[in-house]
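One file, final-v1.txt, is given below (compact mmCIF, N, CA and C atoms).
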```txt
# COMPACT_ATOMS: atom_id res chain seq x y z
N ALA A 1 12.89 -17.85 5.01
CA ALA A 1 13.16 -18.06 6.42
C ALA A 1 11.98 -18.80 7.07
N GLU A 2 10.77 -18.43 6.67
CA GLU A 2 9.60 -19.09 7.25
C GLU A 2 9.55 -20.56 6.85
N ILE A 3 9.84 -20.84 5.58
CA ILE A 3 9.82 -22.22 5.10
C ILE A 3 10.90 -23.04 5.81
N ALA A 4 12.06 -22.44 5.98
CA ALA A 4 13.14 -23.13 6.67
C ALA A 4 12.75 -23.44 8.11
N ARG A 5 12.09 -22.50 8.77
CA ARG A 5 11.65 -22.71 10.15
C ARG A 5 10.61 -23.84 10.22
N ILE A 6 9.66 -23.83 9.28
CA ILE A 6 8.63 -24.87 9.24
C ILE A 6 9.28 -26.24 9.00
N THR A 7 10.19 -26.29 8.06
CA THR A 7 10.88 -27.54 7.73
C THR A 7 11.69 -28.04 8.92
N ALA A 8 12.37 -27.13 9.61
CA ALA A 8 13.18 -27.52 10.77
C ALA A 8 12.32 -28.11 11.87
N VAL A 9 11.17 -27.51 12.12
CA VAL A 9 10.26 -28.02 13.15
C VAL A 9 9.79 -29.42 12.76
N SER A 10 9.45 -29.60 11.48
CA SER A 10 8.99 -30.90 11.00
C SER A 10 10.09 -31.95 11.11
N ARG A 11 11.29 -31.57 10.76
CA ARG A 11 12.42 -32.52 10.83
C ARG A 11 12.74 -32.90 12.28
N ALA A 12 12.41 -32.00 13.20
CA ALA A 12 12.63 -32.29 14.62
C ALA A 12 11.54 -33.21 15.18
N GLY A 13 10.61 -33.62 14.31
CA GLY A 13 9.58 -34.55 14.73
C GLY A 13 8.35 -33.89 15.34
N GLN A 14 8.24 -32.58 15.18
CA GLN A 14 7.10 -31.86 15.72
C GLN A 14 6.22 -31.36 14.58
N SER A 15 4.99 -31.07 14.90
CA SER A 15 4.07 -30.53 13.89
C SER A 15 4.27 -29.02 13.77
N PRO A 16 4.50 -28.52 12.57
CA PRO A 16 4.67 -27.09 12.37
C PRO A 16 3.35 -26.35 12.15
N CYS A 17 2.23 -27.06 12.27
CA CYS A 17 0.93 -26.48 11.91
C CYS A 17 0.59 -25.21 12.69
N ALA A 18 0.88 -25.19 13.99
CA ALA A 18 0.58 -23.99 14.79
C ALA A 18 1.39 -22.80 14.26
N GLY A 19 2.64 -23.04 13.93
CA GLY A 19 3.49 -21.98 13.37
C GLY A 19 3.00 -21.52 12.01
N VAL A 20 2.54 -22.46 11.21
CA VAL A 20 2.00 -22.12 9.89
C VAL A 20 0.78 -21.23 10.04
N ARG A 21 -0.11 -21.59 10.99
CA ARG A 21 -1.30 -20.76 11.21
C ARG A 21 -0.91 -19.35 11.65
N GLU A 22 0.11 -19.23 12.49
CA GLU A 22 0.55 -17.90 12.94
C GLU A 22 1.13 -17.09 11.78
N ILE A 23 1.88 -17.74 10.92
CA ILE A 23 2.43 -17.07 9.74
C ILE A 23 1.30 -16.55 8.86
N VAL A 24 0.31 -17.39 8.61
CA VAL A 24 -0.81 -16.99 7.76
C VAL A 24 -1.62 -15.89 8.45
N ARG A 25 -1.79 -15.99 9.76
CA ARG A 25 -2.50 -14.95 10.51
C ARG A 25 -1.78 -13.59 10.37
N ALA A 26 -0.46 -13.61 10.47
CA ALA A 26 0.32 -12.38 10.31
C ALA A 26 0.20 -11.85 8.88
N ARG A 27 0.24 -12.73 7.89
CA ARG A 27 0.10 -12.30 6.49
C ARG A 27 -1.27 -11.67 6.26
N LEU A 28 -2.32 -12.25 6.84
CA LEU A 28 -3.65 -11.68 6.69
C LEU A 28 -3.72 -10.29 7.31
N ALA A 29 -3.11 -10.12 8.47
CA ALA A 29 -3.09 -8.80 9.12
C ALA A 29 -2.36 -7.79 8.24
N GLU A 30 -1.25 -8.20 7.64
CA GLU A 30 -0.51 -7.32 6.73
C GLU A 30 -1.37 -6.94 5.53
N LEU A 31 -2.05 -7.92 4.96
CA LEU A 31 -2.92 -7.67 3.81
C LEU A 31 -4.07 -6.73 4.17
N ASP A 32 -4.67 -6.95 5.34
CA ASP A 32 -5.75 -6.08 5.78
C ASP A 32 -5.27 -4.64 5.92
N ALA A 33 -4.09 -4.47 6.49
CA ALA A 33 -3.53 -3.12 6.65
C ALA A 33 -3.26 -2.49 5.28
N ARG A 34 -2.72 -3.26 4.37
CA ARG A 34 -2.42 -2.76 3.03
C ARG A 34 -3.70 -2.40 2.28
N LEU A 35 -4.72 -3.26 2.40
CA LEU A 35 -6.00 -2.97 1.75
C LEU A 35 -6.63 -1.70 2.31
N ALA A 36 -6.55 -1.50 3.61
CA ALA A 36 -7.09 -0.28 4.22
C ALA A 36 -6.35 0.94 3.69
N GLU A 37 -5.02 0.82 3.56
CA GLU A 37 -4.23 1.92 3.03
C GLU A 37 -4.60 2.21 1.57
N LEU A 38 -4.78 1.18 0.78
CA LEU A 38 -5.16 1.35 -0.62
C LEU A 38 -6.55 1.97 -0.75
N LYS A 39 -7.47 1.58 0.14
CA LYS A 39 -8.81 2.17 0.11
C LYS A 39 -8.76 3.65 0.45
N ARG A 40 -7.92 4.05 1.43
CA ARG A 40 -7.76 5.48 1.75
C ARG A 40 -7.19 6.24 0.55
N TYR A 41 -6.20 5.64 -0.09
CA TYR A 41 -5.59 6.27 -1.26
C TYR A 41 -6.61 6.40 -2.39
N ARG A 42 -7.42 5.36 -2.59
CA ARG A 42 -8.43 5.42 -3.65
C ARG A 42 -9.43 6.53 -3.39
N ARG A 43 -9.88 6.66 -2.13
CA ARG A 43 -10.83 7.73 -1.80
C ARG A 43 -10.21 9.10 -2.07
N ALA A 44 -8.96 9.28 -1.67
CA ALA A 44 -8.28 10.56 -1.89
C ALA A 44 -8.13 10.84 -3.38
N LEU A 45 -7.77 9.83 -4.14
CA LEU A 45 -7.59 10.00 -5.58
C LEU A 45 -8.91 10.29 -6.27
N ALA A 46 -9.98 9.61 -5.86
CA ALA A 46 -11.31 9.86 -6.44
C ALA A 46 -11.77 11.27 -6.12
N ALA A 47 -11.53 11.73 -4.90
CA ALA A 47 -11.92 13.10 -4.52
C ALA A 47 -11.13 14.12 -5.33
N THR A 48 -9.85 13.85 -5.54
CA THR A 48 -9.03 14.76 -6.34
C THR A 48 -9.53 14.81 -7.77
N LEU A 49 -9.86 13.66 -8.34
CA LEU A 49 -10.35 13.63 -9.71
C LEU A 49 -11.67 14.39 -9.83
N ALA A 50 -12.56 14.22 -8.85
CA ALA A 50 -13.83 14.94 -8.88
C ALA A 50 -13.59 16.45 -8.85
N GLU A 51 -12.64 16.87 -8.02
CA GLU A 51 -12.28 18.30 -7.96
C GLU A 51 -11.71 18.77 -9.29
N TRP A 52 -10.85 17.97 -9.90
CA TRP A 52 -10.25 18.32 -11.19
C TRP A 52 -11.31 18.39 -12.27
N ASP A 53 -12.28 17.47 -12.24
CA ASP A 53 -13.35 17.50 -13.23
C ASP A 53 -14.14 18.80 -13.14
N GLU A 54 -14.37 19.27 -11.92
CA GLU A 54 -15.08 20.54 -11.74
C GLU A 54 -14.23 21.72 -12.20
N ARG A 55 -12.94 21.67 -11.93
CA ARG A 55 -12.04 22.77 -12.24
C ARG A 55 -11.75 22.87 -13.73
N GLY A 56 -11.65 21.75 -14.40
CA GLY A 56 -11.27 21.76 -15.83
C GLY A 56 -9.77 21.96 -15.97
N ASP A 57 -9.37 22.60 -17.07
CA ASP A 57 -7.95 22.83 -17.30
C ASP A 57 -7.41 23.82 -16.27
N SER A 58 -6.14 23.64 -15.92
CA SER A 58 -5.50 24.51 -14.95
C SER A 58 -4.12 24.87 -15.47
N PRO A 59 -3.81 26.16 -15.54
CA PRO A 59 -2.51 26.55 -16.07
C PRO A 59 -1.38 26.11 -15.16
N GLY A 60 -0.25 25.86 -15.76
CA GLY A 60 0.94 25.48 -15.01
C GLY A 60 2.07 25.24 -15.99
N HIS A 61 3.21 24.85 -15.46
CA HIS A 61 4.36 24.58 -16.31
C HIS A 61 4.01 23.51 -17.35
N ILE A 62 3.43 22.41 -16.90
CA ILE A 62 2.97 21.36 -17.81
C ILE A 62 1.47 21.17 -17.63
N CYS A 63 1.04 20.85 -16.42
CA CYS A 63 -0.38 20.68 -16.10
C CYS A 63 -0.59 21.13 -14.66
N GLY A 64 -1.27 22.23 -14.48
CA GLY A 64 -1.48 22.78 -13.15
C GLY A 64 -2.23 21.85 -12.21
N LEU A 65 -3.03 20.95 -12.77
CA LEU A 65 -3.74 20.01 -11.92
C LEU A 65 -2.75 19.12 -11.16
N ILE A 66 -1.79 18.59 -11.89
CA ILE A 66 -0.80 17.71 -11.27
C ILE A 66 0.12 18.52 -10.36
N GLU A 67 0.55 19.66 -10.83
CA GLU A 67 1.51 20.47 -10.07
C GLU A 67 0.93 20.95 -8.74
N GLY A 68 -0.38 21.14 -8.67
CA GLY A 68 -1.01 21.59 -7.43
C GLY A 68 -1.58 20.46 -6.60
N SER A 69 -1.36 19.21 -7.00
CA SER A 69 -1.93 18.06 -6.31
C SER A 69 -1.23 17.79 -4.99
N HIS A 70 -2.03 17.31 -4.02
CA HIS A 70 -1.47 16.94 -2.72
C HIS A 70 -1.69 15.46 -2.43
N VAL A 71 -2.08 14.68 -3.41
CA VAL A 71 -2.33 13.25 -3.21
C VAL A 71 -0.99 12.53 -3.29
N GLU A 72 -0.74 11.66 -2.29
CA GLU A 72 0.48 10.86 -2.29
C GLU A 72 0.11 9.40 -2.38
N ALA A 73 0.83 8.69 -3.21
CA ALA A 73 0.60 7.25 -3.35
C ALA A 73 1.04 6.55 -2.07
N PRO A 74 0.38 5.45 -1.72
CA PRO A 74 0.81 4.71 -0.54
C PRO A 74 2.20 4.14 -0.76
N ALA A 75 2.96 4.06 0.32
CA ALA A 75 4.32 3.52 0.23
C ALA A 75 4.27 2.03 -0.07
N ARG A 76 5.15 1.60 -0.92
CA ARG A 76 5.28 0.17 -1.18
C ARG A 76 6.38 -0.36 -0.27
N PRO A 77 6.21 -1.56 0.24
CA PRO A 77 7.24 -2.13 1.12
C PRO A 77 8.59 -2.13 0.43
N GLY A 78 9.60 -1.63 1.13
CA GLY A 78 10.96 -1.61 0.59
C GLY A 78 11.24 -0.47 -0.36
N VAL A 79 10.27 0.42 -0.58
CA VAL A 79 10.47 1.55 -1.49
C VAL A 79 10.27 2.83 -0.70
N GLU A 80 11.29 3.66 -0.67
CA GLU A 80 11.19 4.92 0.05
C GLU A 80 10.35 5.91 -0.73
N ARG A 81 9.47 6.62 -0.05
CA ARG A 81 8.60 7.60 -0.68
C ARG A 81 9.38 8.88 -0.91
N ARG A 82 9.27 9.42 -2.13
CA ARG A 82 9.95 10.68 -2.46
C ARG A 82 9.14 11.84 -1.91
N LYS A 83 9.83 12.82 -1.39
CA LYS A 83 9.18 14.02 -0.89
C LYS A 83 9.03 15.00 -2.03
N ARG A 84 7.87 15.71 -2.03
CA ARG A 84 7.63 16.74 -3.04
C ARG A 84 8.34 18.01 -2.63
N SER A 85 8.92 18.72 -3.61
CA SER A 85 9.58 19.97 -3.28
C SER A 85 8.66 21.14 -3.44
```
Produce structure tokens that represent the structure in this file.
Amino acid sequence: AEIARITAVSRAGQSPCAGVREIVRARLAELDARLAELKRYRRALAATLAEWDERGDSPGHICGLIEGSHVEAPARPGVERRKRS
């Protein structure tokens, strides 16, 4: 859709450069938000691993460490996050 819009502006005899800059600006903002989310997830995961390293093995159905975990992966665009039961 963005390429079609840029092409249409160009075909109309106008420069699409301002629109292209806005598209890239929006993409950068999206990437910054995603990177911030990934950094939060990494910190949470690293803290969980440090806790698990201190705890060692944990009893459970398969692995008590995983079963008792509260870390959630960041949502991927277009993918619904599953709720834990």
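Proximity ranking of A:Cys17, A:Pro74, A:Ile66, A:Asp57 relative to Arg42 in chain A places A:Pro74 first, based on only N, CA and C atoms.
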Practice task
State, in Å with one decimal place, the distance from atom C of Leu31 in chain A to atom C of Ala46 in chain A.
Solution key: 22.1 Å
Handout entry: Distance in Å - CA of Tyr41 in chain A versus atom C of Leu65 in chain A
Key =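 We find that CA of Tyr41 in chain A and atom C of Leu65 in chain A lie 16.5 Å from each other.
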Handout entry: Interatomic distance (Å, one decimal) between CA of Glu30 in chain A and atom N of Leu45 in chain A
Key = 21.6 Å
Exercise for the section: Tell me which protein, DNA and RNA residues are within 6.5 Å of Pro16 in chain A, counting only N, CA and C atoms, leaving out same-chain ones fewer than 6 positions away, and put them as a PyMOL selection string. Expected result: chain A and resi 6+9-10
Practice task
Identify, with DSSP run on backbone atoms, the residues in chain A assigned to alpha helix (DSSP H), and express the list as a PyMOL selection string.
Solution key: chain A and resi 2-11+17-55+64-67
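Among the candidate residues A:Val24, A:Glu2, A:Ala75, A:Asp53, the one lying nearest to Glu37 in chain A is A:Ala75, with distances computed using all atoms listed in the file.
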Some atoms are absent from range 19-30 of chain A, so rebuild all heavy atoms and return them as a JSON list (two decimals), in the frame of the given file.
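Once written, out.json looks like this:
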```json
[["chain", "number", "residue", "atom", "x", "y", "z"],
["A", 19, "GLY", "N", 2.64, -23.04, 13.93],
["A", 19, "GLY", "CA", 3.49, -21.98, 13.37],
["A", 19, "GLY", "C", 3.00, -21.52, 12.01],
["A", 19, "GLY", "O", 3.04, -20.33, 11.70],
["A", 20, "VAL", "N", 2.54, -22.46, 11.21],
["A", 20, "VAL", "CA", 2.00, -22.12, 9.89],
["A", 20, "VAL", "C", 0.78, -21.23, 10.04],
["A", 20, "VAL", "O", 0.62, -20.23, 9.33],
["A", 20, "VAL", "CB", 1.67, -23.40, 9.07],
["A", 20, "VAL", "CG1", 0.87, -23.06, 7.82],
["A", 20, "VAL", "CG2", 2.95, -24.14, 8.71],
["A", 21, "ARG", "N", -0.11, -21.59, 10.99],
["A", 21, "ARG", "CA", -1.30, -20.76, 11.21],
["A", 21, "ARG", "C", -0.91, -19.35, 11.65],
["A", 21, "ARG", "O", -1.51, -18.37, 11.20],
["A", 21, "ARG", "CB", -2.21, -21.41, 12.26],
["A", 21, "ARG", "CG", -2.96, -22.61, 11.71],
["A", 21, "ARG", "CD", -4.09, -23.06, 12.64],
["A", 21, "ARG", "NE", -3.66, -23.27, 14.02],
["A", 21, "ARG", "CZ", -3.19, -24.43, 14.50],
["A", 21, "ARG", "NH1", -3.07, -25.48, 13.70],
["A", 21, "ARG", "NH2", -2.85, -24.54, 15.77],
["A", 22, "GLU", "N", 0.11, -19.23, 12.49],
["A", 22, "GLU", "CA", 0.55, -17.90, 12.94],
["A", 22, "GLU", "C", 1.13, -17.09, 11.78],
["A", 22, "GLU", "O", 0.92, -15.89, 11.68],
["A", 22, "GLU", "CB", 1.56, -18.02, 14.09],
["A", 22, "GLU", "CG", 0.92, -18.43, 15.39],
["A", 22, "GLU", "CD", -0.25, -17.53, 15.78],
["A", 22, "GLU", "OE1", -0.11, -16.29, 15.77],
["A", 22, "GLU", "OE2", -1.33, -18.08, 16.10],
["A", 23, "ILE", "N", 1.88, -17.74, 10.92],
["A", 23, "ILE", "CA", 2.43, -17.07, 9.74],
["A", 23, "ILE", "C", 1.30, -16.55, 8.86],
["A", 23, "ILE", "O", 1.31, -15.39, 8.43],
["A", 23, "ILE", "CB", 3.36, -18.02, 8.94],
["A", 23, "ILE", "CG1", 4.63, -18.29, 9.73],
["A", 23, "ILE", "CG2", 3.67, -17.44, 7.56],
["A", 23, "ILE", "CD1", 5.48, -19.43, 9.17],
["A", 24, "VAL", "N", 0.31, -17.39, 8.61],
["A", 24, "VAL", "CA", -0.81, -16.99, 7.76],
["A", 24, "VAL", "C", -1.62, -15.89, 8.45],
["A", 24, "VAL", "O", -2.05, -14.93, 7.81],
["A", 24, "VAL", "CB", -1.70, -18.20, 7.40],
["A", 24, "VAL", "CG1", -2.97, -17.77, 6.69],
["A", 24, "VAL", "CG2", -0.91, -19.17, 6.52],
["A", 25, "ARG", "N", -1.79, -15.99, 9.76],
["A", 25, "ARG", "CA", -2.50, -14.95, 10.51],
["A", 25, "ARG", "C", -1.78, -13.59, 10.37],
["A", 25, "ARG", "O", -2.41, -12.56, 10.14],
["A", 25, "ARG", "CB", -2.59, -15.35, 11.99],
["A", 25, "ARG", "CG", -3.61, -14.61, 12.79],
["A", 25, "ARG", "CD", -3.75, -15.13, 14.23],
["A", 25, "ARG", "NE", -3.56, -16.56, 14.44],
["A", 25, "ARG", "CZ", -4.48, -17.50, 14.23],
["A", 25, "ARG", "NH1", -5.67, -17.17, 13.77],
["A", 25, "ARG", "NH2", -4.21, -18.77, 14.47],
["A", 26, "ALA", "N", -0.46, -13.61, 10.47],
["A", 26, "ALA", "CA", 0.32, -12.38, 10.31],
["A", 26, "ALA", "C", 0.20, -11.85, 8.88],
["A", 26, "ALA", "O", 0.08, -10.64, 8.67],
["A", 26, "ALA", "CB", 1.79, -12.64, 10.66],
["A", 27, "ARG", "N", 0.24, -12.73, 7.89],
["A", 27, "ARG", "CA", 0.10, -12.30, 6.49],
["A", 27, "ARG", "C", -1.27, -11.67, 6.26],
["A", 27, "ARG", "O", -1.39, -10.67, 5.55],
["A", 27, "ARG", "CB", 0.28, -13.48, 5.54],
["A", 27, "ARG", "CG", 1.65, -14.07, 5.54],
["A", 27, "ARG", "CD", 2.57, -13.25, 4.68],
["A", 27, "ARG", "NE", 3.83, -13.96, 4.58],
["A", 27, "ARG", "CZ", 5.00, -13.38, 4.61],
["A", 27, "ARG", "NH1", 5.07, -12.08, 4.71],
["A", 27, "ARG", "NH2", 6.08, -14.08, 4.52],
["A", 28, "LEU", "N", -2.32, -12.25, 6.84],
["A", 28, "LEU", "CA", -3.65, -11.68, 6.69],
["A", 28, "LEU", "C", -3.72, -10.29, 7.31],
["A", 28, "LEU", "O", -4.32, -9.38, 6.74],
["A", 28, "LEU", "CB", -4.70, -12.60, 7.33],
["A", 28, "LEU", "CG", -5.10, -13.82, 6.51],
["A", 28, "LEU", "CD1", -6.01, -14.72, 7.33],
["A", 28, "LEU", "CD2", -5.78, -13.41, 5.21],
["A", 29, "ALA", "N", -3.11, -10.12, 8.47],
["A", 29, "ALA", "CA", -3.09, -8.80, 9.12],
["A", 29, "ALA", "C", -2.36, -7.79, 8.24],
["A", 29, "ALA", "O", -2.80, -6.65, 8.09],
["A", 29, "ALA", "CB", -2.44, -8.89, 10.49],
["A", 30, "GLU", "N", -1.25, -8.20, 7.64],
["A", 30, "GLU", "CA", -0.51, -7.32, 6.73],
["A", 30, "GLU", "C", -1.37, -6.94, 5.53],
["A", 30, "GLU", "O", -1.38, -5.79, 5.11],
["A", 30, "GLU", "CB", 0.78, -8.00, 6.26],
["A", 30, "GLU", "CG", 1.83, -8.17, 7.32],
["A", 30, "GLU", "CD", 2.97, -9.09, 6.88],
["A", 30, "GLU", "OE1", 3.02, -9.48, 5.69],
["A", 30, "GLU", "OE2", 3.80, -9.42, 7.74]]
```
